[in-house]
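What follows is the content of coords-v2.txt, which has compact mmCIF, C-alpha atoms and all ligand atoms:
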# COMPACT_ATOMS: atom_id res chain seq x y z
CA MET A 238 0.00 0.00 0.00
CA ARG A 239 2.70 2.48 1.08
CA SER A 240 4.59 2.42 -2.21
CA SER A 241 1.52 1.98 -4.43
CA ILE A 242 0.77 4.69 -6.95
CA ALA A 243 -2.21 6.75 -5.80
CA LEU A 244 -2.20 9.25 -8.66
CA HIS A 245 -0.78 8.62 -12.11
CA VAL A 246 -0.48 11.48 -14.60
CA ASP A 247 0.81 10.30 -17.96
CA ASP A 248 1.63 12.54 -20.90
CA VAL A 249 -1.20 14.94 -20.11
CA CYS A 250 -1.86 17.99 -22.28
CA THR A 251 -4.57 20.44 -21.24
CA TYR A 252 -6.34 22.65 -23.73
CA VAL A 253 -8.54 25.70 -23.78
CA GLY A 254 -9.74 25.90 -27.39
CA LYS A 255 -6.54 25.33 -29.33
CA THR A 256 -4.27 26.81 -26.67
CA VAL A 257 -2.16 24.27 -24.79
CA LEU A 258 -1.89 25.26 -21.11
CA VAL A 259 -0.13 22.13 -19.87
CA ASN A 260 2.23 20.24 -22.14
CA ASN A 261 3.07 16.52 -21.76
CA ALA A 262 2.92 16.43 -17.98
CA THR A 263 3.98 13.09 -16.50
CA PHE A 264 4.39 12.29 -12.81
CA ASP A 265 3.19 9.88 -10.13
CA VAL A 266 2.18 10.45 -6.54
CA LYS A 267 2.61 7.39 -4.35
CA ALA A 268 0.51 6.67 -1.25
CA GLY A 269 1.97 8.70 1.62
CA GLU A 270 3.98 11.02 -0.64
CA ILE A 271 3.65 14.81 -0.36
CA ILE A 272 4.39 16.45 -3.70
CA GLY A 273 5.14 20.15 -3.77
CA LEU A 274 3.98 21.46 -7.15
CA ILE A 275 6.11 24.57 -7.40
CA GLY A 276 6.23 27.19 -10.13
CA PRO A 277 5.99 30.90 -10.85
CA ASN A 278 2.66 32.69 -11.36
CA GLY A 279 0.88 31.46 -14.47
CA ALA A 280 3.06 28.31 -14.72
CA GLY A 281 0.07 25.96 -14.92
CA LYS A 282 -0.22 24.64 -11.33
CA THR A 283 -3.95 25.30 -10.94
CA THR A 284 -4.56 24.02 -14.48
CA ILE A 285 -2.87 20.66 -13.72
CA MET A 286 -4.92 20.32 -10.55
CA LYS A 287 -8.19 21.14 -12.31
CA THR A 288 -7.27 18.68 -15.06
CA ILE A 289 -6.69 15.88 -12.52
CA LEU A 290 -10.11 16.66 -11.09
CA GLY A 291 -11.67 16.19 -14.52
CA LEU A 292 -12.57 19.87 -14.83
CA MET A 293 -10.65 20.64 -18.04
CA LYS A 294 -10.32 19.21 -21.52
CA PHE A 295 -7.18 17.08 -21.79
CA LYS A 296 -5.32 14.41 -23.72
CA GLY A 297 -3.28 11.68 -22.05
CA LYS A 298 -4.03 9.48 -19.06
CA ILE A 299 -4.99 10.29 -15.48
CA GLU A 300 -5.59 7.48 -12.99
CA VAL A 301 -6.51 7.54 -9.31
CA ASN A 302 -5.72 4.20 -7.68
CA GLY A 303 -5.71 2.58 -11.09
CA LYS A 304 -9.08 4.03 -12.15
CA ASN A 305 -9.36 6.36 -15.11
CA VAL A 306 -10.43 9.99 -14.72
CA SER A 307 -12.03 11.74 -17.66
CA GLU A 308 -13.96 14.96 -18.15
CA ASN A 309 -17.18 12.96 -18.19
CA ASP A 310 -16.40 10.27 -15.63
CA HIS A 311 -15.49 11.34 -12.11
CA HIS A 312 -16.08 7.98 -10.36
CA ALA A 313 -12.38 7.58 -9.67
CA LEU A 314 -12.47 10.83 -7.66
CA THR A 315 -14.77 9.55 -4.89
CA ARG A 316 -11.92 9.47 -2.36
CA VAL A 317 -10.11 12.55 -3.59
CA GLY A 318 -10.29 15.69 -1.44
CA ALA A 319 -9.54 19.05 -3.05
CA LEU A 320 -9.19 22.74 -2.40
CA ILE A 321 -8.81 24.65 -5.66
CA GLU A 322 -8.66 28.44 -5.91
CA HIS A 323 -11.50 29.71 -3.70
CA PRO A 324 -12.92 27.16 -1.27
CA ALA A 325 -16.36 25.91 -2.33
CA ILE A 326 -18.18 27.35 0.65
CA TYR A 327 -21.84 28.31 0.93
CA PRO A 328 -21.76 31.78 2.53
CA PHE A 329 -25.24 31.66 4.07
CA LEU A 330 -24.54 28.37 5.87
CA THR A 331 -22.41 28.11 8.98
CA GLY A 332 -19.00 26.44 8.82
CA MET A 333 -20.51 23.40 10.54
CA GLN A 334 -23.40 23.21 8.03
CA ASN A 335 -20.90 23.46 5.18
CA LEU A 336 -18.86 20.56 6.60
CA THR A 337 -22.01 18.52 7.31
CA LEU A 338 -22.89 18.66 3.60
CA TYR A 339 -19.84 16.51 2.85
CA ALA A 340 -19.06 14.62 6.09
CA HIS A 341 -19.78 10.90 6.38
CA ASP A 342 -18.59 10.67 9.96
CA GLN A 343 -19.37 13.16 12.77
CA LYS A 344 -16.27 12.21 14.77
CA ASP A 345 -13.95 12.78 11.82
CA MET A 346 -15.58 16.20 11.28
CA ALA A 347 -15.31 17.15 14.98
CA ASN A 348 -11.61 16.17 15.00
CA LEU A 349 -10.86 18.39 12.02
CA ILE A 350 -12.72 21.34 13.59
CA SER A 351 -10.71 20.97 16.75
CA GLU A 352 -7.33 20.30 15.09
CA LEU A 353 -7.72 23.37 12.89
CA GLN A 354 -8.95 25.39 15.90
CA MET A 355 -12.20 26.42 14.26
CA ASP A 356 -14.40 25.79 17.34
CA SER A 357 -14.95 29.48 18.20
CA TYR A 358 -16.52 30.40 14.83
CA ILE A 359 -17.73 27.14 13.31
CA ASN A 360 -21.37 27.95 14.18
CA TYR A 361 -21.27 31.39 12.54
CA LYS A 362 -22.31 31.97 8.95
CA ALA A 363 -19.36 31.57 6.58
CA LYS A 364 -20.07 34.92 4.85
CA GLY A 365 -18.46 36.68 7.81
CA TYR A 366 -15.28 34.58 7.76
CA SER A 367 -11.87 36.09 7.13
CA LEU A 368 -9.68 34.78 4.27
CA GLY A 369 -7.77 32.51 6.69
CA MET A 370 -10.96 31.18 8.29
CA LYS A 371 -12.40 30.32 4.87
CA GLN A 372 -9.13 28.72 3.88
CA LYS A 373 -9.12 26.49 6.97
CA LEU A 374 -12.73 25.48 6.32
CA GLY A 375 -11.77 24.62 2.73
CA ILE A 376 -8.84 22.52 3.97
CA ALA A 377 -11.12 20.74 6.46
CA ILE A 378 -13.56 19.92 3.64
CA ALA A 379 -10.69 18.51 1.55
CA LEU A 380 -9.54 16.32 4.44
CA LEU A 381 -12.97 14.91 5.36
CA ASN A 382 -13.78 11.20 4.99
CA GLN A 383 -10.22 9.82 5.05
CA PRO A 384 -9.28 10.70 1.46
CA GLN A 385 -6.72 8.62 -0.47
CA VAL A 386 -5.54 11.61 -2.49
CA VAL A 387 -5.68 15.29 -1.47
CA ILE A 388 -5.12 18.15 -3.90
CA LEU A 389 -4.50 21.56 -2.33
CA ASP A 390 -3.97 24.71 -4.39
CA GLU A 391 -1.99 27.28 -2.36
CA PRO A 392 -3.42 26.01 0.95
CA MET A 393 -1.35 28.36 3.13
CA ASN A 394 -2.90 31.47 1.51
CA GLY A 395 -4.08 33.85 4.22
CA LEU A 396 -3.06 31.57 7.10
CA ASP A 397 -1.16 32.93 10.11
CA ILE A 398 1.94 31.09 11.25
CA GLU A 399 0.22 28.97 13.90
CA SER A 400 -2.46 27.85 11.48
CA THR A 401 0.26 27.11 8.92
CA ILE A 402 1.98 24.87 11.48
CA ARG A 403 -1.31 23.14 12.33
CA VAL A 404 -2.05 22.52 8.65
CA ARG A 405 1.48 21.18 8.06
CA LYS A 406 1.08 18.80 11.00
CA LEU A 407 -2.26 17.56 9.71
CA ILE A 408 -0.80 17.00 6.25
CA LYS A 409 2.11 15.07 7.78
CA ARG A 410 -0.23 12.93 9.90
CA TYR A 411 -2.54 12.09 6.99
CA SER A 412 0.44 11.24 4.80
CA ASP A 413 1.82 8.96 7.53
CA GLN A 414 -1.49 7.11 7.29
CA GLY A 415 -1.05 6.72 3.52
CA THR A 416 -2.84 9.75 2.04
CA ALA A 417 -1.09 11.08 -1.08
CA PHE A 418 -0.83 14.88 -1.37
CA LEU A 419 -0.36 17.19 -4.33
CA ILE A 420 0.11 20.73 -2.98
CA SER A 421 0.86 23.81 -5.03
CA SER A 422 2.69 26.92 -3.97
CA HIS A 423 4.67 29.69 -5.55
CA ILE A 424 6.55 29.98 -2.25
CA LEU A 425 9.03 27.15 -2.03
CA SER A 426 9.97 27.61 1.62
CA GLU A 427 6.32 27.19 2.67
CA LEU A 428 6.30 23.59 1.50
CA GLN A 429 9.96 22.83 2.06
CA LYS A 430 9.30 21.57 5.58
CA VAL A 431 6.58 19.13 4.60
CA MET A 432 6.98 17.94 1.00
CA THR A 433 8.78 14.71 0.13
CA ARG A 434 9.12 15.42 -3.61
CA VAL A 435 9.34 18.58 -5.70
CA VAL A 436 7.68 18.85 -9.09
CA LEU A 437 8.72 22.09 -10.72
CA ILE A 438 6.55 23.53 -13.48
CA SER A 439 7.21 26.46 -15.78
CA GLY A 440 5.36 27.56 -18.92
CA GLY A 441 3.04 24.54 -18.67
CA GLN A 442 5.93 22.06 -18.65
CA ILE A 443 7.37 19.95 -15.85
CA ILE A 444 11.06 20.76 -15.71
CA LEU A 445 12.13 18.98 -12.52
CA ASN A 446 10.82 16.03 -10.50
CA LYS A 447 13.03 15.11 -7.57
CA GLU A 448 12.81 13.72 -4.06
CA VAL A 449 13.57 16.33 -1.41
CA LYS A 450 15.92 13.83 0.27
CA GLU A 451 18.19 14.13 -2.74
CA PHE A 452 18.61 17.87 -2.11
CA GLU A 453 19.06 17.45 1.60
CA LYS A 454 21.83 14.93 1.20
CA ILE A 455 23.94 17.69 -0.29
CA SER A 456 22.95 20.43 2.14
CA HIS A 457 22.84 20.76 5.89
CA GLN A 458 20.06 23.26 5.95
CA LYS A 459 19.86 25.83 8.73
CA TYR A 460 16.76 27.78 9.67
CA HIS A 461 16.35 31.20 11.15
CA LEU A 462 13.72 31.58 13.79
CA THR A 463 12.05 34.56 15.47
CA THR A 464 9.61 34.22 18.34
CA GLU A 465 7.69 36.70 20.48
CA ASN A 466 10.00 35.84 23.33
CA ASN A 467 13.49 34.86 22.22
CA LYS A 468 14.76 34.94 25.81
CA LEU A 469 12.31 32.27 26.94
CA THR A 470 12.93 30.35 23.72
CA LYS A 471 16.64 30.17 24.55
CA LYS A 472 15.81 28.82 28.03
CA ILE A 473 13.56 26.15 26.48
CA PHE A 474 16.28 25.22 23.97
CA ALA A 475 18.82 24.91 26.79
CA ALA A 476 16.44 22.74 28.84
CA TYR A 477 15.82 20.41 25.89
CA GLN A 478 19.41 20.43 24.59
CA ILE A 479 18.59 22.05 21.27
CA THR A 480 21.68 23.53 19.68
CA PHE A 481 21.34 27.09 18.38
CA THR A 482 23.36 30.17 17.58
CA GLU A 483 22.27 33.74 18.01
CA ASN A 484 22.19 36.57 15.53
CA GLU A 485 20.84 40.00 16.55
CA ASN A 486 17.07 39.43 16.52
CA TYR A 487 16.89 35.79 15.56
CA LEU A 488 18.14 32.33 16.44
CA ILE A 489 19.71 29.88 14.03
CA VAL A 490 18.75 26.23 14.38
CA SER A 491 19.25 23.02 12.46
CA GLN A 492 16.64 21.61 10.10
CA ASN A 493 16.66 18.30 11.99
CA ASP A 494 15.23 20.05 15.05
CA ILE A 495 12.43 21.96 13.30
CA TYR A 496 9.54 19.63 14.15
CA LYS A 497 10.74 19.25 17.74
CA ILE A 498 11.09 23.04 18.10
CA GLU A 499 7.63 23.71 16.67
CA ASP A 500 6.14 21.21 19.14
CA LEU A 501 8.09 22.55 22.14
CA LEU A 502 7.27 26.21 21.51
CA PHE A 503 3.67 25.35 20.82
CA ASN A 504 3.38 23.39 24.08
CA GLU A 505 5.10 26.15 26.07
CA GLY A 506 2.80 28.80 24.57
CA VAL A 507 5.60 30.75 22.86
CA HIS A 508 4.35 32.28 19.61
CA LEU A 509 6.50 31.74 16.55
CA LYS A 510 6.79 34.84 14.39
CA GLU A 511 8.90 33.47 11.59
CA ILE A 512 10.78 30.34 10.61
CA LEU A 513 12.70 30.47 7.34
CA PRO A 514 15.47 28.52 5.64
CA LEU A 515 18.67 30.49 6.06
CA GLU A 516 20.58 29.05 3.21
CA ALA A 517 17.96 28.19 0.67
CA ASN A 518 19.80 25.50 -1.27
CA LEU A 519 16.68 24.06 -2.80
CA GLU A 520 15.52 27.55 -3.71
CA ARG A 521 18.84 28.25 -5.39
CA ILE A 522 18.58 25.05 -7.43
CA VAL A 523 15.03 25.91 -8.47
CA VAL A 524 15.99 29.44 -9.53
CA ASP A 525 18.93 28.01 -11.51
CA VAL A 526 16.69 25.50 -13.30
CA LEU A 527 14.16 28.24 -14.15
CA GLU A 528 16.88 30.58 -15.41
CA LYS A 529 18.42 27.85 -17.55
CA LYS A 530 15.01 27.13 -19.07
CA ARG A 531 14.54 30.79 -19.94
CA GLY A 532 17.97 30.57 -21.60
N1 LIG A 601 -9.63 29.11 -18.87
C1 LIG A 601 -8.51 29.60 -19.37
N2 LIG A 601 -8.43 30.11 -20.61
C2 LIG A 601 -7.29 30.59 -21.13
N3 LIG A 601 -6.13 30.64 -20.47
C3 LIG A 601 -6.12 30.16 -19.23
C4 LIG A 601 -7.29 29.61 -18.60
N4 LIG A 601 -6.96 29.18 -17.34
C5 LIG A 601 -5.64 29.46 -17.19
N5 LIG A 601 -5.15 30.04 -18.30
C6 LIG A 601 -3.74 30.45 -18.53
O1 LIG A 601 -2.94 29.31 -18.30
C7 LIG A 601 -1.73 29.66 -17.66
C8 LIG A 601 -1.58 28.87 -16.38
O2 LIG A 601 -2.51 29.32 -15.41
P1 LIG A 601 -2.63 28.67 -13.98
O3 LIG A 601 -3.75 29.36 -13.25
O4 LIG A 601 -2.71 27.20 -14.10
O5 LIG A 601 -1.23 29.06 -13.33
P2 LIG A 601 -0.69 28.91 -11.85
O6 LIG A 601 0.63 28.24 -11.96
O7 LIG A 601 -1.72 28.27 -10.99
O8 LIG A 601 -0.45 30.42 -11.42
P3 LIG A 601 -0.63 31.21 -10.02
O9 LIG A 601 0.55 30.86 -9.18
O10 LIG A 601 -0.59 32.63 -10.48
O11 LIG A 601 -1.95 30.80 -9.44
C9 LIG A 601 -1.79 31.18 -17.45
O12 LIG A 601 -1.07 31.79 -18.48
C10 LIG A 601 -3.26 31.49 -17.54
O13 LIG A 601 -3.47 32.79 -18.03

What does the file become when written as structure tokens?
Ligand SMILES: Nc1ncnc2c1ncn2[C@@H]1O[C@H](COP(=O)(O)OP(=O)(O)OP(=O)(O)O)[C@@H](O)[C@H]1O
Amino acid sequence: MRSSIALHVDDVCTYVGKTVLVNNATFDVKAGEIIGLIGPNGAGKTTIMKTILGLMKFKGKIEVNGKNVSENDHHALTRVGALIEHPAIYPFLTGMQNLTLYAHDQKDMANLISELQMDSYINYKAKGYSLGMKQKLGIAIALLNQPQVVILDEPMNGLDIESTIRVRKLIKRYSDQGTAFLISSHILSELQKVMTRVVLISGGQIILNKEVKEFEKISHQKYHLTTENNKLTKKIFAAYQITFTENENYLIVSQNDIYKIEDLLFNEGVHLKEILPLEANLERIVVDVLEKKRG
């Protein structure tokens, strides 16, 4: 199950009229894999996702767990959760009513509400929600009913840092249970901490498809971290033997400790303001590939 192919995209070309928006896209997403679909604005990320969901005219082959997807046949998509562009939310229903429309299991729904910390507003009408609140509701809808494949288009849009961490943790937990993820972003560092493979797209073409491990073997990535209370953070690090160095307003920590640090600070109630790769090796490689392609 773990290494089985959940989503198979083979030589897919997407059209609008005679214009080709995606050209010969081929990639697989295995069960438990988290693919970061990265590319500049207008690269074709949303188009690929819509195509997989059978919402655009295409040539080639798309399979979910071995079953064919076509524009006219969406049966294969029964266990696919998705958040594309704006979340499909009914504004005059409450968040809870929106979730209830899709949920098969009350407990699963309640868990998602609590894990995404939506309890305080879930019974209000969605029309009053902020961008981040809507986004979290959209993510919850995509994760309902134990999906086998989840497709998220720019899921971190509008989310504050704590919500971003919560969403990343949820993604990690679902993937550990075998859910395959395809997540788009134009911000590489946002997905760097969670994705297992990078698929880079530019001008409608896939120009790189590589496991993140392969990049990390070459680099010993450091992260820079700012919290609302760096003094207390240093005490916590000392107590838990987390190695760090200090630099004016921020602390420098190792990538290997990131998950542990996020958990510790979260548990101790210290708010994280920023956590960013210091030496963005992967980013540098991506920029190089894009520049080479432009010639
Ligand atoms: N329905 C459509 N008709 C014509 N062109 C379209 C259509 N949908 C998308 N495009 C074009 O296809 C290209 C890819 O768009 P797409 O939305 O997939 O990019 P993206 O990578 O998701 O970008 P962003 O990061 O800005 O969201 C763009 O040049 C866009 O203008």

The centre and edge lengths of an axis-aligned box containing all atoms of stretch 464-481 of chain A present in the file, extended by 5 Å on each side, are to be given in Å to one decimal, as lines of an AutoDock Vina configuration file.
center_x = 14.7
center_y = 28.6
center_z = 23.6
size_x = 24.0
size_y = 26.3
size_z = 20.5

Counting all atoms listed in the file, which protein, DNA or RNA residues come within 7 Å of ligand LIG 601 (chain A), given as a VMD selection string?
chain A and resid 253 258 276 to 285 422 to 423 441

Of A:Asn305, A:Ser400, A:Thr331, A:Gln372, the one nearest to A:Ile359 when counting all atoms listed in the file is A:Thr331

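Compared by their closest atoms to A:Ser421, and using only C-alpha atoms, the residues A:Leu314, A:Leu330, A:Ala243, A:Val387 rank with A:Val387 nearest.
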
Pick the closest to A:Val523 from A:Ile498, A:Glu352, A:Asn446, A:Gly318: which is it, counting only C-alpha atoms?
A:Asn446

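Comparing the minimum interatomic distances between A:Leu374 and each of A:Leu274, A:Met355, A:Val386, A:Leu425, counting only C-alpha atoms, we find that A:Met355 sits nearest.
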
Can you list, as a PDB file with C-alpha atoms, keeping the file's coordinate frame, every protein, DNA or RNA residue that comes within 12 Å of A:Glu485 when you count all atoms listed in the file, leaving out same-chain residues fewer than 5 positions away?
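Here's the written file around_31.pdb:
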ATOM      1  CA  HIS A 461      16.350  31.200  11.150  1.00  0.00           C
ATOM      2  CA  LEU A 462      13.720  31.580  13.790  1.00  0.00           C
ATOM      3  CA  THR A 463      12.050  34.560  15.470  1.00  0.00           C
ATOM      4  CA  ASN A 467      13.490  34.860  22.220  1.00  0.00           C
TER       5      ASN A 467
END

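Our summary of the geometry notes that atom CA of A:Tyr339 is positioned 20.2 Å from atom CA of A:Ile289.
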
Residue with smallest distance to A:Leu501 - pool A:Thr401, A:Asn486, A:Gln478, A:Thr263, counting all atoms listed in the file
A:Gln478

Using all atoms listed in the file, which residues of stretch 257-310 of chain A come within 8 Å of stretch 246-251 of chain A, and what is the closest atom pair for each, with the distance in Å to one decimal? Give it as a tab-separated table, sorted by chain and residue number.
residue	atom	partner	partner_atom	distance
A:Val257	CA	A:Thr251	CA	5.8
A:Leu258	CA	A:Thr251	CA	5.5
A:Val259	CA	A:Thr251	CA	4.9
A:Asn260	CA	A:Cys250	CA	4.7
A:Asn261	CA	A:Asp248	CA	4.3
A:Ala262	CA	A:Val249	CA	4.9
A:Thr263	CA	A:Asp247	CA	4.5
A:Phe264	CA	A:Val246	CA	5.3
A:Asp265	CA	A:Val246	CA	6.0
A:Thr284	CA	A:Thr251	CA	7.6
A:Ile285	CA	A:Thr251	CA	7.7
A:Thr288	CA	A:Thr251	CA	7.0
A:Ile289	CA	A:Val246	CA	7.9
A:Met293	CA	A:Thr251	CA	6.9
A:Lys294	CA	A:Thr251	CA	5.9
A:Phe295	CA	A:Thr251	CA	4.3
A:Lys296	CA	A:Cys250	CA	5.2
A:Gly297	CA	A:Val249	CA	4.3
A:Lys298	CA	A:Asp247	CA	5.0
A:Ile299	CA	A:Val246	CA	4.7
A:Glu300	CA	A:Val246	CA	6.7

I'd like the contact shell of A:Phe503 - 12 Å cut-off, only C-alpha atoms, skipping same-chain residues fewer than 2 positions apart - returned as a ChimeraX atom specification.
/A:398-400,402-403,464,470,473,496-501,505-510

Report, in Å with one decimal, the straight-line distance from atom CA of A:Asp342 to atom CA of A:Thr315.
15.4 Å

Restricting to all atoms listed in the file, whichever of A:Ile489, A:Leu368, A:Ile275, A:Ile378 is closest to A:Glu427 is A:Ile275

May I have the residues within 10 Å of A:Gln414 as a list in words, using all atoms listed in the file and disregarding those fewer than 5 positions away in the same chain?
Arg239, Ala268, Gly269, Gln383, Gln385, Ile408 and Lys409 of chain A

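We find atom CA of A:Phe474 and atom CA of A:Ile271 to be spaced 29.3 Å apart.
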
The residues within 6 Å of (-11.6, 13.9, -0.7), using all atoms listed in the file and the coordinates of the file, should be reported as number ranges by chain; which are they?
A: 316-318, 379, 384

Got a sec: who's within 8 Å of A:Ile272, counting all atoms listed in the file, leaving out chain neighbours fewer than 3 positions off, as a PyMOL selection string?
chain A and resi 266+418-420+432-436

Can you pull out every residue within 7 Å of A:Lys267, counting all atoms listed in the file, but drop anything in the same chain fewer than 3 positions away, and send it as a PyMOL selection string?
chain A and resi 240-244+270+417

Please dump the current selection as a short mmCIF file (atom, residue, chain, number, x, y, z; two decimals), in the coordinates of the input; keep C-alpha atoms.
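Dumped everything to result.cif:
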data_model
loop_
_atom_site.label_atom_id
_atom_site.label_comp_id
_atom_site.auth_asym_id
_atom_site.auth_seq_id
_atom_site.Cartn_x
_atom_site.Cartn_y
_atom_site.Cartn_z
CA SER A 240 4.59 2.42 -2.21
CA SER A 241 1.52 1.98 -4.43
CA ILE A 242 0.77 4.69 -6.95
CA ALA A 243 -2.21 6.75 -5.80
CA LEU A 244 -2.20 9.25 -8.66
CA GLU A 270 3.98 11.02 -0.64
CA ALA A 417 -1.09 11.08 -1.08
#
